[in-house]
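Engineer: One structure, as structure tokens, below. Some questions next.
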Amino acid sequence: MTAAAETLNLNDGWTATCEEAAVSVALAVPGDVHSALLAAGRIEDPYWRDNETKTDWVHRSVWIARRSFSLENLDGGHFTLRFESVDCLADVIVNGKPAGRCESQFLRYDFDVTALLNEGENVIEVVFHSNSLEAEKRAENSEFPMPYSKNSRIGHLNFLRKTQCHGGWDWGIALCPLGFYGDITLERTGALRLDDVAIRQRHEENAVELDVTLHAFAFAPAVEDAQVEIDGHEATATLHAYPGENRICVTVRVDNPRLWWPAGQGDQAFYDLAVSLGGQKREFRIGLRAVALLTDADAIGNRFAFQVNGREIFMKGANWIPGDALPERASKEQVRDLLVSAVEANMNMIRIWGGGQYEADWFYELCDELGLMIWHDFMFACNLYPAHERPFLDLVRKEARQQLRRLSRFAAMALWCGDNELVGALTWYKESLENRDRYLAIYDRLNHVLEEAVEDEALGLPFRPSSPSVGRLDFGDGWHVDTSGDMHFWDVWHSAKDFEHYRSVRPRFCSEFGFQSFPSMRVIESFTEEVDRNVSSAVMDVHQRNEGGNSRIVETIARYFRFPDSFEDMVYLSQIGQGLAMKTAIEFWRSNRPRTMGTLFWQLNDTWPVASWSSLEYGGGWKATQYLARRFFADLMVTAQPDAETGAITLLAVCDGLTDIPITVRLLSVGAASGTVKEIGAYPVTASAQSVVEVARIRPETLDDDAFLVFDWQDAEGNILGENEYLPQRPKAYRFTEPQIETVAETLGDGTRRITLTSDRPALYVTYDHGGDDIYSDNCFTLLPGLAKTITVSRERRSRLPQGGAPVVSYLRG
Ligand code: BMA
């Protein structure tokens with residue numbers, strides 16, 4: 001290294017050693033110890049059958065990560081050993097001497113190691129203490145009991161600043177991983193070290209001012225110029241730094257900005273921004289946008305509408321949990337695939353849920369690139385937290401400020417939210433029910449620190465105290481209040497109410513609601529032996545973490561469908577049931593705009609192969625819900641809704657787009673048993689921008705007993721823009737005559753792969769499973785007699801699952 005500021009990347013060459021177990025393996029950085037053991041063949045695949053608990057010795061042991069490196073010419077300059085994310089409790093030792101202690105996975109640690117380094121060979125050791133044992137010890141020594149969610153097999157992680165679902169969740173395996181989840185570097189600097197760059201955007205008429213705050217640590221008094229450059233404009237300021245933490249703000253202006261828009265609303269325009277301080281440079285690609293959350297009072301209560309660049313936008317999406325229970329596997333490629341799937345299904349927002357983690361920079365870069373807005377929780381979920389303990393609260397205070405600064409440069413960031421369901425948690429535990437005052441006061445200490453951090457850093461994003469939350473300092477029931485705030489509506493799954501019950505509430509913004517299904521047979525085969533492939537086998541129970549979840553799926557199937565004859569049909573129907581639940585909720589809530597201005601279902605992805613509420617199964621494959629999401633989240637969507645007052649079926653055109661679109665809706669009545677298809681009418685209508693219009697109204701008693709509705713909508717040129725169906729009765733009420741479905745698979749001259757399906761009888765919820773990973777243009781649709789349906793491969797992809805197998809066509813059996 002020379003005297004100029006420079007960074008030495010130390011990610012390579014680590015080993016992880018457990019002396020008690022006499023195991024030493026190569027450790028990747030970023031990476032985790034479980035993945036390292038798996039790669040070295042020292043543990044069995046924890047996702048296979050009931051292997052999970054066989055690895056418990058790993059998180060109960062002490063691990064030492066070690067590497068050496070050599071340095072020349074140490075003269076001049078200061079050396080900082082920087083860890084982007086260490087999970088979680090660990091002592092850092094450099095050349096046998098203590099350099100510092102890591103206590104939070106959610107903090108970057110910067111250790112001044114100038115006095116500890118040698119010219120020539122150096123050794124870094126990171127001693128990882130057992131997080132699970134330390135959590136238990138803290139709980140034992142706690143002044144008050146701090147209950148945690150009963151879904152966590154490994155307990156008390158609420159005492160640690162670590163991904164909370166590492167202890168298990170109602171969809172999560174409990175591995176309690178440990179390791180390094182970000183880069184490890186050695187920074188050589190002069191007296192000043194640039195730590196964070198925080199950006200606040202101030203939008204004016206045809207201009208944006210950017211307040212760029214450089215946070216720097218000074219080892220000694222120093223004077224340096226800070227420079228910021230964007231779009232040919234440069235601004236400079238001089239920092240007079242004193243030992244310790246310093247900051248300086250430089251403002252630059254961009255005239256006539258090309259704005260960044262969320263997916264579906266416009267382009268994702270970017271600018272290159274260069275920042276430098278004392279020879280240390282950072283380069284970012286940033287999008288310019290103004291974001292606000294409108295919560296003003298109206299005749300109903302308070303609105304809850306996101307506004308981007310002055311335009312109110314209906315948010316459509318799902319909740320994000322970590323990419324994999326083995327952190328090392330959540331690679332950029334794997335995560336990109338999941339986020340691309342979100343946008344392909346017409347989503348424009350994800351919620352990074354509080355039981356997970358702050359993601360790496362590249363995650364937010366992907367969201368910026370894709371136009372996927374982010375509702376970001378701070379990382380607290382479902383537990384009570386020891387915020388009355390000063391060391392805990394101090395860690396939270398630092399975490400909030402560091403993360404706020406780090407994530408401020410991403411255009412996708414739309415909201416900071418204090419936590420997931422901590423207000424509700426006050427009513428879930430005996431201790432907090434018996435002494436709500438105490439636990440509410442402790443909660444408010446935590447929440448206040450977060451609110452204060454958002455206000456002090458003043459980076460321009462809105463803050464909500466919690467999700468769900470009726471409002472600031474309102475500790476009301478966000479699970480049932482639908483007049484103000486965001487809502488988590490769980491009565492259908494957790495209280496076994498009918499899908500139709502979604503229509504009993506009209507949330508201002510529904511940030512959680514979901515319904516479970518099994519993953520595909522390919523995924524089930526990846527973790528089971530033949531003998532396990534039964535819905536109530538012990539192994540299927542291990543891969544279901546919500547108590548009674550498989551029974552709920554089966555019971556729902558019995559309520560809505562004729563009972564399946566095979567395990568394969570059970571799996572298929574579980575996915576159709578989930579899809580219908582989400583379709584019922586989302587089509588209804590979208591048709592309620594502008595009262596409702598967003599729906600984010602629970603949950604987008606899975607962390608391992610499991611029965612869950614996800615629409616993307618482990619490995620990224622699309623469940624039926626994801627295909628239906630592409631339809632029910634489409635900007636222009638026609639839906640049929642029962643009118644509670646008159647009993648009529650109304651057809652409504654919902655349009656989130658910016659232009660009025662003249663369409664013709666063609667409505668058919670289809671007899672399930674008879675197979676007859678009758679046209680009820682063709683209705684020309686203008687689907688008006690950002691609103692809902694009524695297309696038609698029909699009386700259900702005018703329909704034949706075995707009839708259901710199928711409709712499509714076409715533009716002026718006759719192109720079919722979308723299709724949908726509506727069943728006035730439950731699916732099991734219809735007696736379908738067994739259809740003969742034929743498929744023709746071909747590859748066209750331009751390489752397009754397409755499948756044409758035809759049927760001699762009406763067939764509902766038809767899916768074509770080709771035994772591979774590719775995504776189809778549509779894959780849960782209705783076939784009408786004699787009308788061919790063509791689907792194409794819209795994206796080729798390859799997961800780690802085996803490819804191939806004979807295609808299987810499934811449909812609703814009568
Ligand atoms: C919500 C989430 C998660 C949970 C899900 C399903 O409340 O916040 O905690 O996984 O419900 O029960």
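Residue numbering restarts at 1 for every chain of the structure tokens, chains are lettered A, B, ... in their displayed order, and ligands are numbered from 1 as they appear.
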Just the residues within 7 Å of Leu277 of chain A, please, counting only C-alpha atoms, with nothing from its chain fewer than 3 positions along; format it as a PyMOL selection string.

Structural biologist: chain A and resi 194+224-227+280-281

Engineer: Please identify which residues in segment 331-491 of chain A DSSP calls alpha helix (DSSP H) from the backbone, and express them as a ChimeraX atom specification.

Structural biologist: /A:332-344,361-370,390-407,422-425,430-434,436-457,491

Engineer: Would you mind listing the residues within 7 Å of ligand 1, counting only C-alpha atoms and all ligand atoms, as number ranges by chain?

Structural biologist: A: 169-171, 381-382, 420-421, 512, 602

Engineer: List the neighbours of Asn302 of chain A out to 9 Å using only C-alpha atoms; skip same-chain residues closer than 3 positions along the sequence, and give me the result as a PyMOL selection string.

Structural biologist: chain A and resi 294-299+470-471+483-485+508

Engineer: Could you list, as JSON, numbers by chain, every residue within 12 Å of Tyr181 of chain A, counting only C-alpha atoms and ignoring same-chain residues fewer than 6 positions away?

Structural biologist: {"A": [11, 27, 28, 29, 30, 31, 32, 33, 83, 84, 85, 86, 87, 88, 104, 105, 106, 107, 108, 162, 163, 326, 327, 328, 329, 330, 331, 357, 358, 359, 360, 361]}

Engineer: Output the selection as a short mmCIF file (atom, residue, chain, number, x, y, z; two decimals), in the first residue's frame - C-alpha atoms for each residue.

Structural biologist:
data_model
loop_
_atom_site.label_atom_id
_atom_site.label_comp_id
_atom_site.auth_asym_id
_atom_site.auth_seq_id
_atom_site.Cartn_x
_atom_site.Cartn_y
_atom_site.Cartn_z
CA ASN A 11 -12.56 -11.24 1.48
CA LEU A 27 -15.10 -19.81 4.67
CA ALA A 28 -16.31 -17.62 1.83
CA VAL A 29 -16.82 -13.90 2.42
CA PRO A 30 -19.58 -12.86 2.13
CA GLY A 31 -20.70 -16.20 3.50
CA ASP A 32 -21.81 -18.21 6.48
CA VAL A 33 -20.44 -21.11 8.48
CA PHE A 83 -16.55 -5.18 8.44
CA GLU A 84 -19.74 -4.43 6.53
CA SER A 85 -21.80 -7.02 8.39
CA VAL A 86 -20.79 -9.59 10.99
CA ASP A 87 -23.39 -11.99 12.38
CA CYS A 88 -23.22 -11.23 15.20
CA SER A 104 -24.82 -6.22 15.73
CA GLN A 105 -25.31 -7.77 12.33
CA PHE A 106 -26.91 -4.49 11.30
CA LEU A 107 -23.93 -2.21 11.92
CA ARG A 108 -20.81 -1.62 9.91
CA LYS A 162 -29.51 -10.18 14.36
CA THR A 163 -32.02 -11.27 11.69
CA LEU A 326 -28.40 -19.98 4.27
CA PRO A 327 -27.28 -16.35 3.79
CA GLU A 328 -24.46 -17.24 1.40
CA ARG A 329 -26.93 -18.70 -1.10
CA ALA A 330 -28.82 -15.43 -1.48
CA SER A 331 -26.52 -14.36 -4.29
CA GLN A 357 -32.50 -7.87 7.38
CA TYR A 358 -31.24 -4.68 5.82
CA GLU A 359 -29.99 -5.92 2.48
CA ALA A 360 -26.65 -5.31 0.74
CA ASP A 361 -26.23 -2.23 -1.48
#

Engineer: Write out as a PDB file with C-alpha atoms, in the first residue's frame all residues of segment 93-197 of chain A that DSSP puts in strand (DSSP E or B) for this structure's backbone.

Structural biologist:
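Result saved to out_12.pdb:
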ATOM      1  CA  ILE A  93      -8.167  -9.899  17.230  1.00  0.00           C
ATOM      2  CA  VAL A  94      -5.321  -8.589  15.108  1.00  0.00           C
ATOM      3  CA  LYS A  97      -4.231  -8.202  20.286  1.00  0.00           C
ATOM      4  CA  PRO A  98      -7.875  -7.156  20.690  1.00  0.00           C
ATOM      5  CA  ALA A  99      -9.066  -4.757  17.982  1.00  0.00           C
ATOM      6  CA  GLY A 100     -12.727  -4.512  18.927  1.00  0.00           C
ATOM      7  CA  ARG A 101     -16.031  -6.245  19.424  1.00  0.00           C
ATOM      8  CA  CYS A 102     -18.914  -6.711  16.994  1.00  0.00           C
ATOM      9  CA  SER A 104     -24.821  -6.216  15.731  1.00  0.00           C
ATOM     10  CA  TYR A 109     -17.791  -1.848  12.211  1.00  0.00           C
ATOM     11  CA  ASP A 110     -14.674   0.277  11.698  1.00  0.00           C
ATOM     12  CA  PHE A 111     -11.738  -0.651  13.914  1.00  0.00           C
ATOM     13  CA  ASP A 112      -8.638   1.519  14.055  1.00  0.00           C
ATOM     14  CA  GLY A 120       5.078  -8.315   6.571  1.00  0.00           C
ATOM     15  CA  GLU A 121       2.733 -11.002   7.892  1.00  0.00           C
ATOM     16  CA  ASN A 122      -0.484 -10.121   9.789  1.00  0.00           C
ATOM     17  CA  VAL A 123      -3.195 -12.363  11.200  1.00  0.00           C
ATOM     18  CA  ILE A 124      -6.836 -11.465  11.815  1.00  0.00           C
ATOM     19  CA  GLU A 125      -8.926 -13.703  14.026  1.00  0.00           C
ATOM     20  CA  VAL A 126     -12.616 -13.207  14.578  1.00  0.00           C
ATOM     21  CA  VAL A 127     -13.947 -15.211  17.504  1.00  0.00           C
ATOM     22  CA  PHE A 128     -17.659 -15.825  17.028  1.00  0.00           C
ATOM     23  CA  ARG A 161     -29.383  -7.353  16.809  1.00  0.00           C
ATOM     24  CA  TRP A 169     -40.572 -18.292  11.842  1.00  0.00           C
ATOM     25  CA  GLY A 172     -38.777 -20.470   8.405  1.00  0.00           C
ATOM     26  CA  GLY A 179     -20.670 -15.443   9.435  1.00  0.00           C
ATOM     27  CA  PHE A 180     -19.662 -12.370   7.457  1.00  0.00           C
ATOM     28  CA  ILE A 184     -14.076  -7.080   4.873  1.00  0.00           C
ATOM     29  CA  THR A 185     -11.573  -4.395   3.926  1.00  0.00           C
ATOM     30  CA  LEU A 186      -8.536  -2.615   5.235  1.00  0.00           C
ATOM     31  CA  GLU A 187      -8.781   1.110   4.566  1.00  0.00           C
ATOM     32  CA  ARG A 188      -5.673   3.206   4.537  1.00  0.00           C
ATOM     33  CA  THR A 189      -6.390   6.924   4.845  1.00  0.00           C
ATOM     34  CA  LEU A 192      -9.766  11.770   7.587  1.00  0.00           C
ATOM     35  CA  ARG A 193     -11.778   8.657   6.746  1.00  0.00           C
ATOM     36  CA  LEU A 194     -14.925   8.981   4.653  1.00  0.00           C
ATOM     37  CA  ASP A 195     -17.603   6.749   6.173  1.00  0.00           C
ATOM     38  CA  ASP A 196     -21.084   7.540   4.892  1.00  0.00           C
ATOM     39  CA  VAL A 197     -22.585   9.635   2.147  1.00  0.00           C
TER      40      VAL A 197
END

Engineer: Find the residues near Asn206 of chain A: any atom within 9 Å, counting only C-alpha atoms, skip ones fewer than 5 places away on the same chain, and give them as a PyMOL selection string.

Structural biologist: chain A and resi 254-257

Engineer: Do a neighbour search on Gln307 of chain A at 10 Å with only C-alpha atoms, toss out local chain neighbours closer than 3 positions, and write the hits as a PyMOL selection string.

Structural biologist: chain A and resi 290-294+304+310-315+414

Engineer: Just the selected residues (N, CA, C and O atoms), exported as a PDB file, in the first residue's frame, please.

Structural biologist:
ATOM      1  N   ALA A 290     -39.291  12.563  -6.144  1.00  0.00           N
ATOM      2  CA  ALA A 290     -39.814  13.050  -4.864  1.00  0.00           C
ATOM      3  C   ALA A 290     -40.822  12.036  -4.379  1.00  0.00           C
ATOM      4  O   ALA A 290     -41.643  11.560  -5.162  1.00  0.00           O
ATOM      5  N   VAL A 291     -40.747  11.676  -3.111  1.00  0.00           N
ATOM      6  CA  VAL A 291     -41.712  10.703  -2.599  1.00  0.00           C
ATOM      7  C   VAL A 291     -42.353  11.244  -1.329  1.00  0.00           C
ATOM      8  O   VAL A 291     -41.699  11.881  -0.507  1.00  0.00           O
ATOM      9  N   ALA A 292     -43.651  11.031  -1.224  1.00  0.00           N
ATOM     10  CA  ALA A 292     -44.378  11.484  -0.034  1.00  0.00           C
ATOM     11  C   ALA A 292     -45.456  10.464   0.284  1.00  0.00           C
ATOM     12  O   ALA A 292     -45.887   9.698  -0.581  1.00  0.00           O
ATOM     13  N   LEU A 293     -45.855  10.437   1.534  1.00  0.00           N
ATOM     14  CA  LEU A 293     -46.981   9.605   1.944  1.00  0.00           C
ATOM     15  C   LEU A 293     -48.087  10.552   2.405  1.00  0.00           C
ATOM     16  O   LEU A 293     -47.887  11.341   3.333  1.00  0.00           O
ATOM     17  N   LEU A 294     -49.228  10.492   1.719  1.00  0.00           N
ATOM     18  CA  LEU A 294     -50.333  11.401   2.061  1.00  0.00           C
ATOM     19  C   LEU A 294     -51.221  10.745   3.110  1.00  0.00           C
ATOM     20  O   LEU A 294     -51.763   9.657   2.876  1.00  0.00           O
ATOM     21  N   PHE A 304     -54.018   7.033   3.015  1.00  0.00           N
ATOM     22  CA  PHE A 304     -52.705   6.377   3.079  1.00  0.00           C
ATOM     23  C   PHE A 304     -52.302   6.136   1.629  1.00  0.00           C
ATOM     24  O   PHE A 304     -52.562   5.084   1.052  1.00  0.00           O
ATOM     25  N   GLY A 310     -45.223  13.921  -7.395  1.00  0.00           N
ATOM     26  CA  GLY A 310     -46.502  14.625  -7.405  1.00  0.00           C
ATOM     27  C   GLY A 310     -47.690  13.782  -7.848  1.00  0.00           C
ATOM     28  O   GLY A 310     -48.817  14.247  -7.836  1.00  0.00           O
ATOM     29  N   ARG A 311     -47.436  12.528  -8.231  1.00  0.00           N
ATOM     30  CA  ARG A 311     -48.523  11.684  -8.739  1.00  0.00           C
ATOM     31  C   ARG A 311     -48.857  10.608  -7.697  1.00  0.00           C
ATOM     32  O   ARG A 311     -47.969   9.912  -7.209  1.00  0.00           O
ATOM     33  N   GLU A 312     -50.134  10.478  -7.390  1.00  0.00           N
ATOM     34  CA  GLU A 312     -50.536   9.417  -6.461  1.00  0.00           C
ATOM     35  C   GLU A 312     -50.509   8.086  -7.197  1.00  0.00           C
ATOM     36  O   GLU A 312     -51.056   7.969  -8.296  1.00  0.00           O
ATOM     37  N   ILE A 313     -49.873   7.105  -6.586  1.00  0.00           N
ATOM     38  CA  ILE A 313     -49.694   5.822  -7.267  1.00  0.00           C
ATOM     39  C   ILE A 313     -50.220   4.694  -6.391  1.00  0.00           C
ATOM     40  O   ILE A 313     -49.887   4.609  -5.206  1.00  0.00           O
ATOM     41  N   PHE A 314     -51.033   3.857  -6.980  1.00  0.00           N
ATOM     42  CA  PHE A 314     -51.549   2.681  -6.271  1.00  0.00           C
ATOM     43  C   PHE A 314     -50.404   1.673  -6.186  1.00  0.00           C
ATOM     44  O   PHE A 314     -49.835   1.282  -7.203  1.00  0.00           O
ATOM     45  N   MET A 315     -50.051   1.266  -4.972  1.00  0.00           N
ATOM     46  CA  MET A 315     -48.920   0.360  -4.800  1.00  0.00           C
ATOM     47  C   MET A 315     -49.390  -1.096  -4.830  1.00  0.00           C
ATOM     48  O   MET A 315     -50.353  -1.467  -4.156  1.00  0.00           O
ATOM     49  N   ALA A 414     -39.092   4.291  -0.313  1.00  0.00           N
ATOM     50  CA  ALA A 414     -40.314   5.093  -0.246  1.00  0.00           C
ATOM     51  C   ALA A 414     -40.750   5.406   1.175  1.00  0.00           C
ATOM     52  O   ALA A 414     -41.451   6.386   1.412  1.00  0.00           O
TER      53      ALA A 414
END

Engineer: Can you work out which one of A:Ile230, A:Val677, A:Ala634, A:Val692 has the shortest atom-to-atom distance to Thr596 of chain A, counting only C-alpha atoms?

Structural biologist: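 With only C-alpha atoms as the atom set, the closest residue is A:Val692.
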
Engineer: Nearest residue to Ser276 of chain A out of A:Asp541, A:Asp456, A:Glu234, A:Glu52, using only C-alpha atoms?

Structural biologist: A:Glu234

Engineer: Show me, as a PDB file with N, CA, C and O atoms, in the first residue's frame, the residues that have an atom within 8 Å of Ile524 of chain A when counting only C-alpha atoms, minus same-chain residues fewer than 4 positions from it.

Structural biologist:
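Output below, filename out_5.pdb:
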ATOM      1  N   PRO A 519     -45.449 -25.879  -2.189  1.00  0.00           N
ATOM      2  CA  PRO A 519     -44.637 -25.632  -3.392  1.00  0.00           C
ATOM      3  C   PRO A 519     -44.903 -26.743  -4.409  1.00  0.00           C
ATOM      4  O   PRO A 519     -45.572 -27.736  -4.095  1.00  0.00           O
ATOM      5  N   SER A 520     -44.372 -26.585  -5.604  1.00  0.00           N
ATOM      6  CA  SER A 520     -44.618 -27.554  -6.681  1.00  0.00           C
ATOM      7  C   SER A 520     -44.034 -28.925  -6.340  1.00  0.00           C
ATOM      8  O   SER A 520     -43.185 -29.061  -5.460  1.00  0.00           O
ATOM      9  N   THR A 528     -37.831 -34.490  -0.176  1.00  0.00           N
ATOM     10  CA  THR A 528     -38.507 -35.689   0.354  1.00  0.00           C
ATOM     11  C   THR A 528     -38.021 -36.966  -0.309  1.00  0.00           C
ATOM     12  O   THR A 528     -37.509 -36.959  -1.427  1.00  0.00           O
ATOM     13  N   ARG A 533     -44.174 -38.355   0.608  1.00  0.00           N
ATOM     14  CA  ARG A 533     -45.041 -37.531  -0.258  1.00  0.00           C
ATOM     15  C   ARG A 533     -46.518 -37.784   0.034  1.00  0.00           C
ATOM     16  O   ARG A 533     -47.250 -38.361  -0.776  1.00  0.00           O
ATOM     17  N   PRO A 609     -37.296 -24.746   1.143  1.00  0.00           N
ATOM     18  CA  PRO A 609     -38.480 -25.405   0.580  1.00  0.00           C
ATOM     19  C   PRO A 609     -39.517 -25.706   1.651  1.00  0.00           C
ATOM     20  O   PRO A 609     -39.260 -26.531   2.543  1.00  0.00           O
TER      21      PRO A 609
END

Engineer: From the list A:Thr213, A:Ser24, A:Asn95, A:Ser674, which residue is nearest Tyr734 of chain A when using only C-alpha atoms?

Structural biologist: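 Among A:Thr213, A:Ser24, A:Asn95, A:Ser674, it is A:Ser674 that comes nearest to Tyr734 of chain A.
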
Engineer: Using only C-alpha atoms, which residues of segment 544-633 of chain A come within 12 Å of segment 779-786 of chain A, and what is the closest atom pair for each, with the distance in Å to one decimal? Give it as a tab-separated table, sorted by chain and residue number.

Structural biologist:
residue	atom	partner	partner_atom	distance
A:Tyr572	CA	A:Cys780	CA	11.0
A:Leu573	CA	A:Cys780	CA	11.8
A:Gln575	CA	A:Cys780	CA	10.2
A:Ile576	CA	A:Cys780	CA	8.4
A:Gly577	CA	A:Cys780	CA	11.9
A:Gly579	CA	A:Cys780	CA	9.3
A:Leu580	CA	A:Cys780	CA	10.8
A:Trp622	CA	A:Asn779	CA	9.3
A:Lys623	CA	A:Asn779	CA	9.3
A:Ala624	CA	A:Cys780	CA	6.2
A:Thr625	CA	A:Cys780	CA	8.6
A:Gln626	CA	A:Asn779	CA	9.3
A:Tyr627	CA	A:Asn779	CA	5.9
A:Leu628	CA	A:Cys780	CA	6.7
A:Ala629	CA	A:Cys780	CA	10.3
A:Arg630	CA	A:Asn779	CA	9.9
A:Arg631	CA	A:Cys780	CA	9.7
A:Phe632	CA	A:Cys780	CA	11.9
